[in-house]
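Q: Hey, dropping final_14.cif in here, mmCIF, C-alpha atoms (C1' of nucleotides):
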data_coords
#
loop_
_atom_site.label_atom_id
_atom_site.label_comp_id
_atom_site.auth_asym_id
_atom_site.auth_seq_id
_atom_site.Cartn_x
_atom_site.Cartn_y
_atom_site.Cartn_z
CA MET G 1 13.57 -2.74 24.06
CA ILE G 2 12.04 -1.58 20.81
CA LEU G 3 13.57 -3.76 18.17
CA SER G 4 13.95 -2.71 14.56
CA LYS G 5 11.23 -2.99 11.96
CA SER G 6 13.46 -5.30 9.97
CA PHE G 7 13.57 -7.69 12.90
CA SER G 8 9.81 -7.44 13.34
CA TYR G 9 9.34 -8.34 9.68
CA ALA G 10 11.79 -11.24 9.88
CA LEU G 11 10.27 -12.77 12.98
CA ARG G 12 6.67 -12.39 11.89
CA SER G 13 7.48 -13.80 8.46
CA ILE G 14 9.09 -16.88 9.93
CA ILE G 15 6.19 -17.45 12.28
CA TYR G 16 3.77 -17.05 9.41
CA MET G 17 5.74 -19.55 7.37
CA ALA G 18 5.63 -22.01 10.25
CA LEU G 19 1.89 -21.47 10.41
CA VAL G 20 1.26 -22.47 6.82
CA SER G 21 4.18 -24.80 6.16
CA ASP G 22 2.15 -27.96 6.67
CA THR G 23 0.03 -27.13 3.66
CA LYS G 24 2.47 -25.18 1.51
CA ARG G 25 6.02 -25.83 0.40
CA ASN G 26 7.21 -22.51 -0.89
CA ILE G 27 5.88 -19.27 0.47
CA GLN G 28 6.28 -16.17 -1.65
CA ILE G 29 7.16 -12.71 -0.45
CA GLN G 30 4.00 -11.47 -2.11
CA GLU G 31 1.86 -13.63 0.15
CA ILE G 32 3.74 -12.72 3.31
CA SER G 33 3.72 -8.99 2.59
CA ASP G 34 0.00 -9.15 1.81
CA VAL G 35 -0.90 -10.99 4.99
CA LEU G 36 1.36 -8.98 7.27
CA SER G 37 0.81 -5.64 5.52
CA VAL G 38 4.53 -5.14 5.08
CA PRO G 39 6.35 -3.49 2.15
CA HIS G 40 7.04 -6.15 -0.46
CA HIS G 41 10.53 -5.16 -1.61
CA PHE G 42 11.81 -4.22 1.77
CA LEU G 43 10.72 -7.59 3.06
CA GLY G 44 12.60 -9.09 0.14
CA LYS G 45 15.83 -7.65 1.46
CA VAL G 46 15.17 -8.98 4.91
CA MET G 47 14.33 -12.45 3.62
CA LYS G 48 17.39 -12.48 1.40
CA ARG G 49 19.48 -11.86 4.48
CA LEU G 50 17.81 -14.73 6.29
CA ALA G 51 18.38 -17.03 3.31
CA LYS G 52 22.03 -16.04 2.90
CA ASN G 53 22.63 -16.92 6.52
CA GLY G 54 20.88 -20.25 6.37
CA VAL G 55 17.97 -19.34 8.62
CA VAL G 56 15.55 -20.22 5.81
CA ASP G 57 15.91 -21.79 2.37
CA SER G 58 14.99 -20.03 -0.84
CA THR G 59 14.51 -20.96 -4.47
CA LYS G 60 14.22 -18.64 -7.43
CA GLY G 61 12.14 -18.90 -10.57
CA ARG G 62 8.57 -19.92 -11.11
CA THR G 63 7.14 -21.70 -8.06
CA GLY G 64 10.06 -20.24 -6.14
CA GLY G 65 9.84 -18.82 -2.65
CA PHE G 66 11.02 -19.44 0.89
CA MET G 67 10.93 -22.47 3.15
CA LEU G 68 11.76 -23.13 6.74
CA ASN G 69 14.63 -25.55 7.28
CA LYS G 70 15.78 -27.69 10.18
CA HIS G 71 17.61 -24.76 11.81
CA THR G 72 14.88 -22.17 11.60
CA LEU G 73 12.73 -22.85 14.63
CA SER G 74 15.61 -23.73 16.92
CA LEU G 75 17.31 -20.39 16.37
CA PRO G 76 17.38 -18.24 19.52
CA LEU G 77 15.83 -14.80 19.21
CA LYS G 78 19.15 -13.35 20.24
CA GLU G 79 20.81 -14.80 17.15
CA LEU G 80 18.06 -13.51 14.90
CA ILE G 81 18.38 -10.04 16.38
CA ILE G 82 22.14 -10.06 15.92
CA LEU G 83 21.76 -11.29 12.36
CA ILE G 84 19.36 -8.50 11.45
CA GLU G 85 20.49 -5.52 13.47
CA GLY G 86 23.90 -6.35 14.90
CA ASP G 87 24.93 -6.92 18.50
CA ALA G 88 24.78 -3.35 19.80
CA LEU G 89 21.72 -4.17 21.87
CA PHE G 90 23.66 -6.82 23.75
CA ASN G 91 27.22 -5.55 23.76
CA SER G 92 27.32 -1.80 23.77
CA CYS G 93 26.94 0.62 26.65
CA VAL G 94 23.38 1.77 27.38
CA ILE G 95 24.33 5.38 26.73
CA GLY G 96 26.89 4.62 24.06
CA LEU G 97 30.18 5.18 25.88
CA LYS G 98 33.03 3.37 24.14
CA LYS G 99 35.05 2.45 27.16
CA CYS G 100 32.21 1.44 29.44
CA ASN G 101 32.64 -1.90 31.18
CA GLU G 102 32.66 -3.48 34.62
CA LYS G 103 36.01 -1.94 35.53
CA ASN G 104 35.27 1.40 33.89
CA PRO G 105 31.51 1.79 34.21
CA CYS G 106 29.32 4.58 32.89
CA PRO G 107 27.05 6.30 35.41
CA LEU G 108 24.19 3.96 34.53
CA HIS G 109 26.15 0.76 34.24
CA HIS G 110 25.53 -0.76 37.64
CA GLN G 111 21.97 0.46 37.80
CA VAL G 112 20.89 -1.27 34.61
CA VAL G 113 23.03 -4.41 34.69
CA GLU G 114 20.29 -6.52 36.23
CA ALA G 115 17.56 -5.49 33.79
CA ARG G 116 20.03 -5.78 30.95
CA ASN G 117 21.05 -9.32 31.88
CA LYS G 118 17.42 -10.29 32.24
CA MET G 119 16.75 -9.04 28.73
CA ILE G 120 19.80 -10.77 27.29
CA SER G 121 18.96 -14.11 28.88
CA THR G 122 15.36 -13.81 27.72
CA TYR G 123 16.42 -13.38 24.12
CA ALA G 124 19.16 -15.98 24.41
CA GLU G 125 16.91 -18.66 25.90
CA THR G 126 13.84 -18.11 23.75
CA LYS G 127 13.91 -19.88 20.42
CA ILE G 128 11.73 -18.89 17.50
CA GLY G 129 9.92 -22.20 17.80
CA ASP G 130 8.93 -21.32 21.36
CA LEU G 131 6.66 -18.64 19.96
CA ILE G 132 4.60 -21.07 17.88
CA ILE G 133 1.48 -21.68 19.93
CA PRO G 134 -0.97 -24.47 18.96
CA ASP G 135 -3.95 -22.17 18.41
CA LYS G 136 -3.31 -21.20 14.80
CA ALA G 137 -6.04 -18.60 14.54
CA GLU G 138 -4.70 -16.88 17.62
CA LEU G 139 -1.14 -17.09 16.32
CA LEU G 140 -2.05 -15.59 12.97
CA LYS G 141 -3.93 -12.77 14.64
CA SER G 142 -0.90 -11.96 16.76
CA LEU G 143 1.19 -11.27 13.65
CA ILE G 144 -1.03 -8.59 12.26
CA VAL G 145 -0.94 -4.91 13.01
CA ALA G 146 -4.21 -3.20 12.16
CA MET P 147 18.24 -0.88 25.81
CA ILE P 148 20.42 1.51 23.85
CA LEU P 149 19.11 4.94 24.65
CA SER P 150 19.44 7.90 22.31
CA LYS P 151 22.50 10.11 22.07
CA SER P 152 20.37 13.05 23.11
CA PHE P 153 19.54 11.28 26.35
CA SER P 154 23.17 10.38 26.90
CA TYR P 155 24.13 14.03 26.46
CA ALA P 156 21.37 15.21 28.80
CA LEU P 157 22.17 12.79 31.58
CA ARG P 158 25.93 13.27 31.44
CA SER P 159 25.53 17.03 31.34
CA ILE P 160 23.36 17.04 34.44
CA ILE P 161 25.76 14.79 36.30
CA TYR P 162 28.65 17.01 35.29
CA MET P 163 26.76 20.04 36.51
CA ALA P 164 26.12 18.33 39.84
CA LEU P 165 29.81 17.59 40.01
CA VAL P 166 30.92 21.21 39.73
CA SER P 167 27.88 22.98 41.16
CA ASP P 168 29.43 23.52 44.58
CA THR P 169 32.10 25.75 43.07
CA LYS P 170 30.26 27.23 40.08
CA ARG P 171 26.88 28.82 39.72
CA ASN P 172 26.29 28.92 36.00
CA ILE P 173 27.76 26.31 33.73
CA GLN P 174 28.05 27.11 30.04
CA ILE P 175 27.37 24.76 27.16
CA GLN P 176 30.89 25.46 25.95
CA GLU P 177 32.39 24.00 29.10
CA ILE P 178 30.14 20.95 29.09
CA SER P 179 30.70 20.19 25.43
CA ASP P 180 34.46 20.57 25.91
CA VAL P 181 34.63 18.25 28.89
CA LEU P 182 32.25 15.63 27.51
CA SER P 183 33.45 15.90 23.89
CA VAL P 184 29.96 16.52 22.66
CA PRO P 185 28.82 18.78 19.79
CA HIS P 186 28.25 22.27 21.17
CA HIS P 187 25.14 23.32 19.28
CA PHE P 188 23.44 19.99 19.41
CA LEU P 189 23.92 19.97 23.16
CA GLY P 190 22.38 23.42 23.16
CA LYS P 191 19.15 22.01 21.79
CA VAL P 192 19.10 19.27 24.38
CA MET P 193 19.74 21.69 27.23
CA LYS P 194 17.09 24.06 25.94
CA ARG P 195 14.61 21.23 26.13
CA LEU P 196 15.63 20.50 29.71
CA ALA P 197 15.29 24.16 30.65
CA LYS P 198 11.90 24.54 29.00
CA ASN P 199 10.62 21.62 31.01
CA GLY P 200 12.00 22.85 34.31
CA VAL P 201 14.59 20.12 34.75
CA VAL P 202 17.32 22.76 34.95
CA ASP P 203 17.33 26.55 35.08
CA SER P 204 18.94 28.72 32.45
CA THR P 205 19.89 32.35 32.09
CA LYS P 206 20.91 34.16 28.94
CA GLY P 207 23.40 36.94 28.41
CA ARG P 208 26.86 37.49 29.78
CA THR P 209 27.57 35.18 32.74
CA GLY P 210 24.58 33.16 31.57
CA GLY P 211 24.43 29.39 31.53
CA PHE P 212 22.65 26.50 33.18
CA MET P 213 22.03 25.58 36.81
CA LEU P 214 20.53 22.63 38.59
CA ASN P 215 17.37 23.37 40.53
CA LYS P 216 15.55 21.64 43.36
CA HIS P 217 13.81 19.24 40.96
CA THR P 218 16.80 18.14 38.95
CA LEU P 219 18.34 15.40 41.03
CA SER P 220 15.06 13.95 42.19
CA LEU P 221 13.87 13.37 38.65
CA PRO P 222 13.52 9.66 37.80
CA LEU P 223 15.49 8.48 34.78
CA LYS P 224 12.21 7.32 33.26
CA GLU P 225 10.94 10.89 33.20
CA LEU P 226 14.15 12.16 31.67
CA ILE P 227 13.98 9.51 28.96
CA ILE P 228 10.35 10.34 28.19
CA LEU P 229 11.19 14.02 28.11
CA ILE P 230 14.00 13.54 25.61
CA GLU P 231 12.91 10.67 23.42
CA GLY P 232 9.23 10.05 24.14
CA ASP P 233 7.56 7.09 25.79
CA ALA P 234 7.88 4.51 23.03
CA LEU P 235 10.46 2.60 25.05
CA PHE P 236 7.96 2.12 27.83
CA ASN P 237 4.60 2.04 26.10
CA SER P 238 4.92 0.59 22.64
CA CYS P 239 5.08 -3.03 21.57
CA VAL P 240 8.57 -4.56 21.36
CA ILE P 241 8.15 -5.23 17.66
CA GLY P 242 6.02 -2.19 16.96
CA LEU P 243 2.55 -3.70 16.58
CA LYS P 244 -0.16 -1.10 17.15
CA LYS P 245 -2.74 -3.31 18.77
CA CYS P 246 -0.44 -5.33 20.97
CA ASN P 247 -1.52 -5.59 24.61
CA GLU P 248 -2.29 -8.13 27.28
CA LYS P 249 -5.56 -9.19 25.66
CA ASN P 250 -4.20 -9.05 22.14
CA PRO P 251 -0.51 -9.89 22.50
CA CYS P 252 2.15 -10.00 19.81
CA PRO P 253 4.14 -13.25 19.53
CA LEU P 254 6.84 -11.86 21.83
CA HIS P 255 4.60 -10.13 24.33
CA HIS P 256 4.49 -12.74 27.08
CA GLN P 257 8.09 -13.75 26.59
CA VAL P 258 9.48 -10.29 27.19
CA VAL P 259 7.04 -8.92 29.74
CA GLU P 260 9.24 -9.81 32.69
CA ALA P 261 12.42 -8.27 31.29
CA ARG P 262 10.44 -5.28 30.11
CA ASN P 263 8.90 -4.66 33.53
CA LYS P 264 12.28 -5.02 35.15
CA MET P 265 13.65 -2.36 32.82
CA ILE P 266 10.72 -0.04 33.38
CA SER P 267 10.91 -0.31 37.16
CA THR P 268 14.66 0.24 37.07
CA TYR P 269 14.26 3.50 35.18
CA ALA P 270 11.23 4.52 37.21
CA GLU P 271 12.88 3.94 40.57
CA THR P 272 16.31 5.36 39.81
CA LYS P 273 16.58 9.11 40.22
CA ILE P 274 19.31 11.15 38.59
CA GLY P 275 20.68 11.95 42.03
CA ASP P 276 21.16 8.24 42.70
CA LEU P 277 23.92 8.26 40.10
CA ILE P 278 25.98 10.87 41.92
CA ILE P 279 28.66 8.89 43.73
CA PRO P 280 30.90 10.58 46.35
CA ASP P 281 34.17 9.89 44.53
CA LYS P 282 34.23 12.90 42.22
CA ALA P 283 37.24 11.84 40.22
CA GLU P 284 35.64 8.52 39.51
CA LEU P 285 32.33 10.15 38.64
CA LEU P 286 33.95 12.56 36.19
CA LYS P 287 35.83 9.74 34.52
CA SER P 288 32.61 7.82 34.07
CA LEU P 289 31.14 10.62 31.95
CA ILE P 290 33.84 10.64 29.34
CA VAL P 291 34.03 8.55 26.21
CA ALA P 292 37.56 8.31 24.90
"C1'" DA Q 293 12.84 -22.72 -27.00
"C1'" DT Q 294 9.82 -19.36 -25.21
"C1'" DT Q 295 7.12 -17.59 -21.67
"C1'" DT Q 296 6.08 -16.82 -16.95
"C1'" DA Q 297 6.92 -15.82 -12.36
"C1'" DA Q 298 9.76 -15.83 -8.60
"C1'" DA Q 299 14.03 -14.14 -5.80
"C1'" DA Q 300 18.12 -11.16 -6.17
"C1'" DA Q 301 20.18 -6.96 -6.88
"C1'" DG Q 302 20.82 -2.19 -7.28
"C1'" DA Q 303 19.43 2.74 -7.77
"C1'" DC Q 304 17.05 6.13 -5.68
"C1'" DA Q 305 13.42 8.46 -2.25
"C1'" DT Q 306 11.81 9.46 2.48
"C1'" DC Q 307 12.21 10.23 7.26
"C1'" DG Q 308 14.03 10.85 11.92
"C1'" DT Q 309 18.22 11.55 14.54
"C1'" DT Q 310 22.30 13.77 14.81
"C1'" DG Q 311 25.35 17.48 13.73
"C1'" DT Q 312 26.92 22.27 11.81
"C1'" DC Q 313 26.40 26.98 11.00
"C1'" DT Q 314 24.28 31.52 11.29
"C1'" DT Q 315 21.13 34.84 13.22
"C1'" DT Q 316 18.32 36.59 17.01
"C1'" DT Q 317 17.39 37.60 21.75
"C1'" DG Q 318 18.49 38.69 26.38
"C1'" DT Q 319 21.35 40.09 30.33
"C1'" DG Q 320 25.35 41.50 33.06
"C1'" DA Q 321 29.71 44.27 32.61
"C1'" DG Q 322 31.94 48.35 31.45
"C1'" DC L 323 23.95 53.25 26.96
"C1'" DT L 324 26.75 50.33 24.67
"C1'" DC L 325 29.30 46.17 24.39
"C1'" DA L 326 30.35 41.43 25.14
"C1'" DC L 327 28.81 37.03 25.56
"C1'" DA L 328 25.59 33.70 26.75
"C1'" DA L 329 21.28 30.92 25.44
"C1'" DA L 330 17.62 30.53 21.94
"C1'" DA L 331 16.20 29.78 17.50
"C1'" DG L 332 16.18 28.44 12.84
"C1'" DA L 333 18.18 26.85 8.31
"C1'" DC L 334 20.52 23.33 6.43
"C1'" DA L 335 23.76 19.01 5.92
"C1'" DA L 336 25.06 14.06 6.97
"C1'" DC L 337 23.74 9.61 7.99
"C1'" DG L 338 21.30 5.32 8.84
"C1'" DA L 339 16.89 2.82 8.72
"C1'" DT L 340 13.11 2.32 6.01
"C1'" DG L 341 10.62 2.17 1.73
"C1'" DT L 342 9.83 2.29 -3.63
"C1'" DC L 343 10.93 1.18 -8.18
"C1'" DT L 344 13.42 -1.03 -11.95
"C1'" DT L 345 16.45 -4.44 -13.85
"C1'" DT L 346 18.71 -8.93 -13.68
"C1'" DT L 347 18.90 -13.75 -12.76
"C1'" DT L 348 16.87 -18.18 -12.34
"C1'" DA L 349 13.88 -22.11 -12.85
"C1'" DA L 350 9.44 -24.18 -13.83
"C1'" DA L 351 5.54 -24.41 -17.09
"C1'" DT L 352 4.02 -24.52 -21.69
#
In structure tokens, write the structure found in this file.
A:
Amino acid sequence: MILSKSFSYALRSIIYMALVSDTKRNIQIQEISDVLSVPHHFLGKVMKRLAKNGVVDSTKGRTGGFMLNKHTLSLPLKELIILIEGDALFNSCVIGLKKCNEKNPCPLHHQVVEARNKMISTYAETKIGDLIIPDKAELLKSLIVA
Amino acid sequence: MILSKSFSYALRSIIYMALVSDTKRNIQIQEISDVLSVPHHFLGKVMKRLAKNGVVDSTKGRTGGFMLNKHTLSLPLKELIILIEGDALFNSCVIGLKKCNEKNPCPLHHQVVEARNKMISTYAETKIGDLIIPDKAELLKSLIVA
DNA sequence: ATTTAAAAAGACATCGTTGTCTTTTGTGAG
DNA sequence: CTCACAAAAGACAACGATGTCTTTTTAAAT
């Protein structure tokens, strides 16, 4: 477990955007970083990555910002994780052995395969949109750290 | 998933020691780092940590080295992980939110709780000794990267 | 056209993990 | 008692993730 901060920022930003997207068109990084208490410029890099990969739309200039698009909420968490931090979590050996696989297993391989598969299927089957609960106040609260 | 390199080194070293402990008393870092292709001095720090916490015994000086003790193989993987890399894997929120818990869950909390518990119980219930299979050649092979 | 305000981009700083190297300490061998 | 050789300890380097700051690009507002 324990996903990267970048992923945390990406996911929470998207959920926040979903939360306010019925009243706002473009959401600025400034607003997101304020609400989520996240570093402005670092979030910018994360959002840029999302935009470049079509997970959200972005426009520059005055009144610019980010928008959800038709793909955003149907994206599985697994894809978002891979996009942000690569596929090591899903594809590499638990203790980092290069040649570890079913035929050539590391000492932990068989012990963890069940938990590992459970985790993979959880992230593969859960879409971002599945995390959007109707209670908006509750949802907003869940995005915030302190 | 994806445990630290330090943990990988610790676990593989202990298994290797179990593998040769019927013919050798003290096993030196030099031998372990040679066999496992692991950095000598970095492994030293990891082993020191294990010794300080009673997971293995160590003696200095000529003919010095490390030995398994009566606790070693009965130690649950969870304890070894906590010893080496702390308890964040088991206790902290998946996306790092400070106040995340059952009453105040992050957006992912309920989605991942099942996979998370499966992982925790796997590491809690598996002892290091459970990884020692009878086929020694196979076991040795499983410790080696390239 | 000029100004304003936003994302995009890039240079650099910080921090934890990992890795290297050197020095100190301790213990058995001779 | 001295030597050899091991762990222990500590200083420092490399690297990736994270974070800060500045400059560039872009588009709307005026």
Q: With 6 Å on each side, where is the centre of the axis-aligned box around all listed atoms of range 309-316 of chain Q, and how long are its edges in Å to one decimal, as AutoDock Vina command-line options?
A:
--center_x 22.6 --center_y 24.1 --center_z 14.0 --size_x 20.7 --size_y 37.0 --size_z 18.0
Q: Taking all atoms listed in the file into account, which residues of chain G are within 7 Å of chain L, as a list of chain:residue names?
A: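 Contact residues on the first chain: G:Phe42, G:Lys60, G:Gly61, G:Arg62, G:Thr63.
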Q: For a quick test of understanding: name the residues of chain P lying within 9 Å of chain G when counting only C-alpha atoms, and present them as a PDB file with C-alpha atoms, in the coordinates of the input.
A:
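The file below, part-v7.pdb, is the result:
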ATOM      1  CA  MET P 147      18.240  -0.880  25.810  1.00  0.00           C
ATOM      2  CA  ILE P 148      20.420   1.510  23.850  1.00  0.00           C
ATOM      3  CA  LEU P 149      19.110   4.940  24.650  1.00  0.00           C
ATOM      4  CA  SER P 150      19.440   7.900  22.310  1.00  0.00           C
ATOM      5  CA  LYS P 151      22.500  10.110  22.070  1.00  0.00           C
ATOM      6  CA  PHE P 153      19.540  11.280  26.350  1.00  0.00           C
ATOM      7  CA  SER P 154      23.170  10.380  26.900  1.00  0.00           C
ATOM      8  CA  TYR P 155      24.130  14.030  26.460  1.00  0.00           C
ATOM      9  CA  LEU P 157      22.170  12.790  31.580  1.00  0.00           C
ATOM     10  CA  ARG P 158      25.930  13.270  31.440  1.00  0.00           C
ATOM     11  CA  ILE P 161      25.760  14.790  36.300  1.00  0.00           C
ATOM     12  CA  ALA P 234       7.880   4.510  23.030  1.00  0.00           C
ATOM     13  CA  LEU P 235      10.460   2.600  25.050  1.00  0.00           C
ATOM     14  CA  PHE P 236       7.960   2.120  27.830  1.00  0.00           C
ATOM     15  CA  SER P 238       4.920   0.590  22.640  1.00  0.00           C
ATOM     16  CA  CYS P 239       5.080  -3.030  21.570  1.00  0.00           C
ATOM     17  CA  VAL P 240       8.570  -4.560  21.360  1.00  0.00           C
ATOM     18  CA  ILE P 241       8.150  -5.230  17.660  1.00  0.00           C
ATOM     19  CA  GLY P 242       6.020  -2.190  16.960  1.00  0.00           C
ATOM     20  CA  LEU P 243       2.550  -3.700  16.580  1.00  0.00           C
ATOM     21  CA  LYS P 244      -0.160  -1.100  17.150  1.00  0.00           C
ATOM     22  CA  LYS P 245      -2.740  -3.310  18.770  1.00  0.00           C
ATOM     23  CA  CYS P 246      -0.440  -5.330  20.970  1.00  0.00           C
ATOM     24  CA  ASN P 250      -4.200  -9.050  22.140  1.00  0.00           C
ATOM     25  CA  PRO P 251      -0.510  -9.890  22.500  1.00  0.00           C
ATOM     26  CA  CYS P 252       2.150 -10.000  19.810  1.00  0.00           C
ATOM     27  CA  PRO P 253       4.140 -13.250  19.530  1.00  0.00           C
ATOM     28  CA  LEU P 254       6.840 -11.860  21.830  1.00  0.00           C
ATOM     29  CA  GLN P 257       8.090 -13.750  26.590  1.00  0.00           C
ATOM     30  CA  VAL P 258       9.480 -10.290  27.190  1.00  0.00           C
ATOM     31  CA  GLU P 260       9.240  -9.810  32.690  1.00  0.00           C
ATOM     32  CA  ALA P 261      12.420  -8.270  31.290  1.00  0.00           C
ATOM     33  CA  ARG P 262      10.440  -5.280  30.110  1.00  0.00           C
ATOM     34  CA  ASN P 263       8.900  -4.660  33.530  1.00  0.00           C
ATOM     35  CA  LYS P 264      12.280  -5.020  35.150  1.00  0.00           C
ATOM     36  CA  MET P 265      13.650  -2.360  32.820  1.00  0.00           C
ATOM     37  CA  ILE P 266      10.720  -0.040  33.380  1.00  0.00           C
ATOM     38  CA  THR P 268      14.660   0.240  37.070  1.00  0.00           C
ATOM     39  CA  TYR P 269      14.260   3.500  35.180  1.00  0.00           C
ATOM     40  CA  THR P 272      16.310   5.360  39.810  1.00  0.00           C
ATOM     41  CA  LEU P 277      23.920   8.260  40.100  1.00  0.00           C
ATOM     42  CA  ILE P 278      25.980  10.870  41.920  1.00  0.00           C
ATOM     43  CA  ILE P 279      28.660   8.890  43.730  1.00  0.00           C
ATOM     44  CA  LEU P 285      32.330  10.150  38.640  1.00  0.00           C
ATOM     45  CA  LYS P 287      35.830   9.740  34.520  1.00  0.00           C
ATOM     46  CA  SER P 288      32.610   7.820  34.070  1.00  0.00           C
ATOM     47  CA  LEU P 289      31.140  10.620  31.950  1.00  0.00           C
ATOM     48  CA  ILE P 290      33.840  10.640  29.340  1.00  0.00           C
ATOM     49  CA  VAL P 291      34.030   8.550  26.210  1.00  0.00           C
ATOM     50  CA  ALA P 292      37.560   8.310  24.900  1.00  0.00           C
TER      51      ALA P 292
END
Q: Starting from the PyMOL selection byres ((chain P and resi 203) around 12), expand the selection into actual residues of this file and give them as a count of residues only.
A: 29
Q: Expanded to explicit residues, what is the PyMOL selection byres ((chain Q) within 7 of (chain G)) for this file, as a list in words?
A: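 Taken on the displayed file, the PyMOL selection byres ((chain Q) within 7 of (chain G)) yields the residues DA297, DA298 and DA299 of chain Q.
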Q: Take the residues just selected and output them with C-alpha atoms (C1' of nucleotides) as an mmCIF file, in the coordinates of the input.
A:
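Wrote it out as selection-v9.cif, contents follow:
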data_model
loop_
_atom_site.group_PDB
_atom_site.id
_atom_site.type_symbol
_atom_site.label_atom_id
_atom_site.label_comp_id
_atom_site.auth_asym_id
_atom_site.auth_seq_id
_atom_site.Cartn_x
_atom_site.Cartn_y
_atom_site.Cartn_z
ATOM 1 C "C1'" DA Q 297 6.920 -15.820 -12.360
ATOM 2 C "C1'" DA Q 298 9.760 -15.830 -8.600
ATOM 3 C "C1'" DA Q 299 14.030 -14.140 -5.800
#
Q: Which is closest to DT312 in chain Q among P:Lys249, P:Glu225, P:Pro185, P:Pro280, if we use all atoms listed in the file?
A: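 The shortest atom-to-atom distance to DT312 in chain Q comes from P:Pro185.
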Q: What does the distance from CA of Ala10 in chain G to CA of Gly86 in chain G come to in Å, to one decimal?
A: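 Between CA of Ala10 in chain G and CA of Gly86 in chain G the gap is 14.0 Å.
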Q: Enter the distance from CA of Val38 in chain G to CA of Ser13 in chain G, in Å, rounded to one decimal.
A: 9.8 Å
Q: To one decimal place, how far is CA of Glu125 in chain G from CA of Ser21 in chain G in Å?
A: 24.3 Å
Q: Once you've located range 2-13 of chain G in the structure I gave, write it as an mmCIF file, in the first residue's frame, keeping N, CA and C atoms.
A:
data_model
loop_
_atom_site.group_PDB
_atom_site.id
_atom_site.type_symbol
_atom_site.label_atom_id
_atom_site.label_comp_id
_atom_site.auth_asym_id
_atom_site.auth_seq_id
_atom_site.Cartn_x
_atom_site.Cartn_y
_atom_site.Cartn_z
ATOM 1 N N ILE G 2 0.378 2.284 0.613
ATOM 2 C CA ILE G 2 1.136 3.538 0.635
ATOM 3 C C ILE G 2 1.473 3.979 -0.786
ATOM 4 N N LEU G 3 0.582 4.737 -1.330
ATOM 5 C CA LEU G 3 0.806 5.289 -2.659
ATOM 6 C C LEU G 3 1.573 6.601 -2.541
ATOM 7 N N SER G 4 2.054 7.089 -3.677
ATOM 8 C CA SER G 4 2.879 8.298 -3.647
ATOM 9 C C SER G 4 2.051 9.545 -3.337
ATOM 10 N N LYS G 5 2.733 10.583 -2.905
ATOM 11 C CA LYS G 5 2.064 11.857 -2.678
ATOM 12 C C LYS G 5 1.497 12.394 -3.978
ATOM 13 N N SER G 6 2.251 12.224 -5.052
ATOM 14 C CA SER G 6 1.775 12.710 -6.347
ATOM 15 C C SER G 6 0.415 12.103 -6.687
ATOM 16 N N PHE G 7 0.301 10.804 -6.442
ATOM 17 C CA PHE G 7 -0.979 10.150 -6.713
ATOM 18 C C PHE G 7 -2.073 10.700 -5.803
ATOM 19 N N SER G 8 -1.748 10.884 -4.549
ATOM 20 C CA SER G 8 -2.706 11.441 -3.600
ATOM 21 C C SER G 8 -3.211 12.795 -4.090
ATOM 22 N N TYR G 9 -2.275 13.636 -4.541
ATOM 23 C CA TYR G 9 -2.654 14.955 -5.038
ATOM 24 C C TYR G 9 -3.552 14.839 -6.272
ATOM 25 N N ALA G 10 -3.176 13.960 -7.176
ATOM 26 C CA ALA G 10 -3.935 13.792 -8.418
ATOM 27 C C ALA G 10 -5.363 13.336 -8.118
ATOM 28 N N LEU G 11 -5.484 12.319 -7.325
ATOM 29 C CA LEU G 11 -6.807 11.766 -7.032
ATOM 30 C C LEU G 11 -7.688 12.778 -6.307
ATOM 31 N N ARG G 12 -7.128 13.386 -5.282
ATOM 32 C CA ARG G 12 -7.922 14.343 -4.502
ATOM 33 C C ARG G 12 -8.300 15.552 -5.350
ATOM 34 N N SER G 13 -7.419 15.969 -6.237
ATOM 35 C CA SER G 13 -7.741 17.098 -7.112
ATOM 36 C C SER G 13 -8.901 16.761 -8.034
#
